[in-house]
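Novice: Mind looking over this structure? Questions follow.
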Amino acid sequence: MAVRFHRIMHSDGKLYVAPIFDCFGGEIISLSMDSHMRKDLCISAVKEAYKTRNPGNGVIIHSDAGSQYTSDKYKEVLGRFRAIQSMSDVGKCYDNSRMESFFATLKKEKIYKFNTLKMKREEVKKIVWRYVMIYYNRQRITTVNKGGFPPTVYRNMATDKRAVA
């Protein structure tokens, strides 16, 4: 899994988006959004991911080396979930390239089509949530997965195959 945040400007100020990206099939499994980029935003995303998926011990959670991810509180939460923290060095965006690619897609396909500076925070949050959780995960064709299936469809197919085996 990978976690990172991104800032979107709007009429009320800033909206920080912190998704958790499942590297298996490219699915966003949790999405936290708030007006700040403090560690609590990233912790919320991790907790929601575990609540949604319950992946068990040993999951690798990759991030950059921002203060949110190096905080004792964030590390404590990962420890409680028995997750393994993997962190890029400062300035090494390539280590988290799949998350960077996701944000580029989000901006190009959705955010840049609106003048978010004229919109309220809650409006922008709804647009982001709908795009990610409905379109990106469930409908958007991707070249990452074999067959080009949307991430949620791909995960469900893999889960069904394991259940049969």
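The way I read the labels, and the way they are meant: chains A, B, ... in the order of the structure tokens, residue 1 as the first residue of every chain, and ligand 1 as the first ligand shown, with later ones counted on from there.
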Can you tell me, as JSON, numbers by chain, which residues in range 74-163 of chain A count as alpha helix (DSSP H) by DSSP?
Specialist: {"A": [74, 75, 76, 77, 78, 79, 80, 97, 98, 99, 100, 101, 102, 103, 104, 105, 106, 107, 108, 109, 121, 122, 123, 124, 125, 126, 127, 128, 129, 137, 138, 151, 152, 153, 154, 155, 156, 157, 158, 159, 160, 161, 162, 163]}
Novice: Go through range 39-142 of chain A and collect every residue that DSSP, computed from the backbone, puts in strand (DSSP E); the answer should be as a ChimeraX atom specification.
Specialist: /A:60-63,84-87
Novice: Keeping only all heavy atoms, write the selected residues to a file as a short mmCIF file (atom, residue, chain, number, x, y, z; two decimals), in the first residue's frame.
Specialist:
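Result file again-v9.cif:
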```cif
data_model
loop_
_atom_site.label_atom_id
_atom_site.label_comp_id
_atom_site.auth_asym_id
_atom_site.auth_seq_id
_atom_site.Cartn_x
_atom_site.Cartn_y
_atom_site.Cartn_z
N ILE A 60 3.06 -3.84 3.84
CA ILE A 60 4.04 -2.77 3.67
C ILE A 60 3.30 -1.51 3.27
O ILE A 60 2.54 -1.51 2.31
CB ILE A 60 5.08 -3.14 2.59
CG1 ILE A 60 5.86 -4.38 3.02
CG2 ILE A 60 6.02 -1.96 2.32
CD1 ILE A 60 6.75 -4.96 1.95
N ILE A 61 3.52 -0.43 4.03
CA ILE A 61 2.91 0.86 3.73
C ILE A 61 4.03 1.82 3.37
O ILE A 61 4.88 2.14 4.19
CB ILE A 61 2.06 1.39 4.90
CG1 ILE A 61 0.92 0.41 5.18
CG2 ILE A 61 1.54 2.79 4.57
CD1 ILE A 61 -0.02 0.84 6.27
N HIS A 62 4.02 2.24 2.12
CA HIS A 62 5.08 3.09 1.59
C HIS A 62 4.66 4.56 1.62
O HIS A 62 3.50 4.87 1.36
CB HIS A 62 5.42 2.69 0.15
CG HIS A 62 6.57 3.45 -0.39
ND1 HIS A 62 7.85 3.18 -0.02
CD2 HIS A 62 6.61 4.51 -1.20
CE1 HIS A 62 8.65 4.04 -0.63
NE2 HIS A 62 7.92 4.86 -1.34
N SER A 63 5.59 5.43 1.95
CA SER A 63 5.32 6.87 1.95
C SER A 63 6.61 7.62 1.64
O SER A 63 7.68 7.03 1.55
CB SER A 63 4.79 7.31 3.31
OG SER A 63 5.82 7.23 4.29
N ILE A 84 4.47 -2.78 8.10
CA ILE A 84 5.88 -2.47 7.90
C ILE A 84 5.95 -1.14 7.16
O ILE A 84 5.35 -0.98 6.10
CB ILE A 84 6.56 -3.58 7.07
CG1 ILE A 84 6.46 -4.91 7.83
CG2 ILE A 84 8.00 -3.20 6.75
CD1 ILE A 84 6.78 -6.12 6.98
N GLN A 85 6.70 -0.20 7.72
CA GLN A 85 6.82 1.10 7.10
C GLN A 85 8.00 1.12 6.13
O GLN A 85 9.09 0.70 6.46
CB GLN A 85 7.02 2.19 8.16
CG GLN A 85 7.02 3.58 7.57
CD GLN A 85 7.09 4.67 8.64
OE1 GLN A 85 7.56 4.45 9.74
NE2 GLN A 85 6.62 5.85 8.29
N SER A 86 7.73 1.60 4.93
CA SER A 86 8.74 1.78 3.90
C SER A 86 8.71 3.25 3.52
O SER A 86 7.64 3.78 3.23
CB SER A 86 8.41 0.91 2.69
OG SER A 86 9.24 1.25 1.60
N MET A 87 9.85 3.89 3.56
CA MET A 87 9.87 5.34 3.35
C MET A 87 10.95 5.74 2.35
O MET A 87 12.08 5.27 2.44
CB MET A 87 10.14 6.02 4.69
CG MET A 87 9.73 7.44 4.73
SD MET A 87 10.02 8.20 6.35
CE MET A 87 9.44 7.00 7.50
#
```
Novice: Given the choices A:Gly91, A:Ala45, A:Val132, A:Ser30, which gets closest to Ile111 in chain A if the distance is worked out from only C-alpha atoms?
Specialist: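 For Ile111 in chain A, the nearest of the given residues is A:Val132.
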Novice: May I have the residues within 10 Å of Phe103 in chain A as a list in words, using only C-alpha atoms and disregarding those fewer than 5 positions away in the same chain?
Specialist: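 In the requested form, the answer reads Arg4, Phe5, His6, Val17, Pro19, Ser97, Arg98, Lys108, Glu109 and Ile111 of chain A.
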Novice: Env of Lys125 in chain A: 9 Å cut, atoms = only C-alpha atoms, seq-sep filter 5 positions within chain, self excluded. Answer as a PyMOL selection string.
Specialist: chain A and resi 15+17+33-34+120+130
Novice: What does the distance between CA of Met133 in chain A and CA of Pro150 in chain A come to in Å, to one decimal place?
Specialist: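 Interatomic distance, CA of Met133 in chain A to CA of Pro150 in chain A: 11.3 Å.
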Novice: Could you name the residues that touch Asp64 in chain A at 10 Å or less, counting only C-alpha atoms, but leaving out those on the same chain fewer than 3 positions away, as number ranges by chain?
Specialist: A: 2-5, 67-70, 86-93, 95-96
Novice: Mind checking which residues fall within 6 Å of Gly26 in chain A, counting only C-alpha atoms, ignoring those fewer than 2 positions away in the same chain, and posting them as a PyMOL selection string?
Specialist: chain A and resi 22-23+151
Novice: Name the residues in contact with Val153 in chain A at a cut-off of 10 Å, using only C-alpha atoms, excluding same-chain residues fewer than 2 positions from it; report them as a list of chain:residue names.
Specialist: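 Counting only the stated atoms, we get A:Gly25, A:Glu27, A:Asn137, A:Arg138, A:Gln139, A:Ile141, A:Asn145, A:Gly148, A:Phe149, A:Pro150, A:Pro151, A:Arg155, A:Asn156, A:Met157, A:Ala158, A:Thr159.
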Novice: Can you work out the spacing between CA of Asp12 in chain A and CA of Arg121 in chain A in Å, to one decimal?
Specialist: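 Separation between CA of Asp12 in chain A and CA of Arg121 in chain A: 6.0 Å.
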Novice: Please compute the CA of Ser44 in chain A-CA of Asp160 in chain A distance, one decimal, in Å.
Specialist: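 Computing the Euclidean distance for CA of Ser44 in chain A and CA of Asp160 in chain A yields 29.2 Å.
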Novice: Return the single residue from A:Ser71, A:Lys47, A:Phe21, A:Tyr131 that is closest to Leu106 in chain A, with distances computed using only C-alpha atoms.
Specialist: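 Counting only C-alpha atoms, the residue closest to Leu106 in chain A is A:Tyr131.
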Novice: Pick the closest to Gly79 in chain A from A:Ile43, A:Ala65, A:Thr116, A:Ser11: which is it, counting only C-alpha atoms?
Specialist: A:Ile43
Novice: Between A:Lys14, A:Thr105, A:Leu31, A:Ile20, single out the one closest to Trp129 in chain A, counting only C-alpha atoms.
Specialist: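 The shortest atom-to-atom distance to Trp129 in chain A comes from A:Leu31.
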Novice: From the options A:Met99, A:Ile8, A:Met1, A:Ile29, which residue's atoms come nearest to Leu117 in chain A, counting only C-alpha atoms?
Specialist: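 Smallest distance to Leu117 in chain A is found for A:Ile8.
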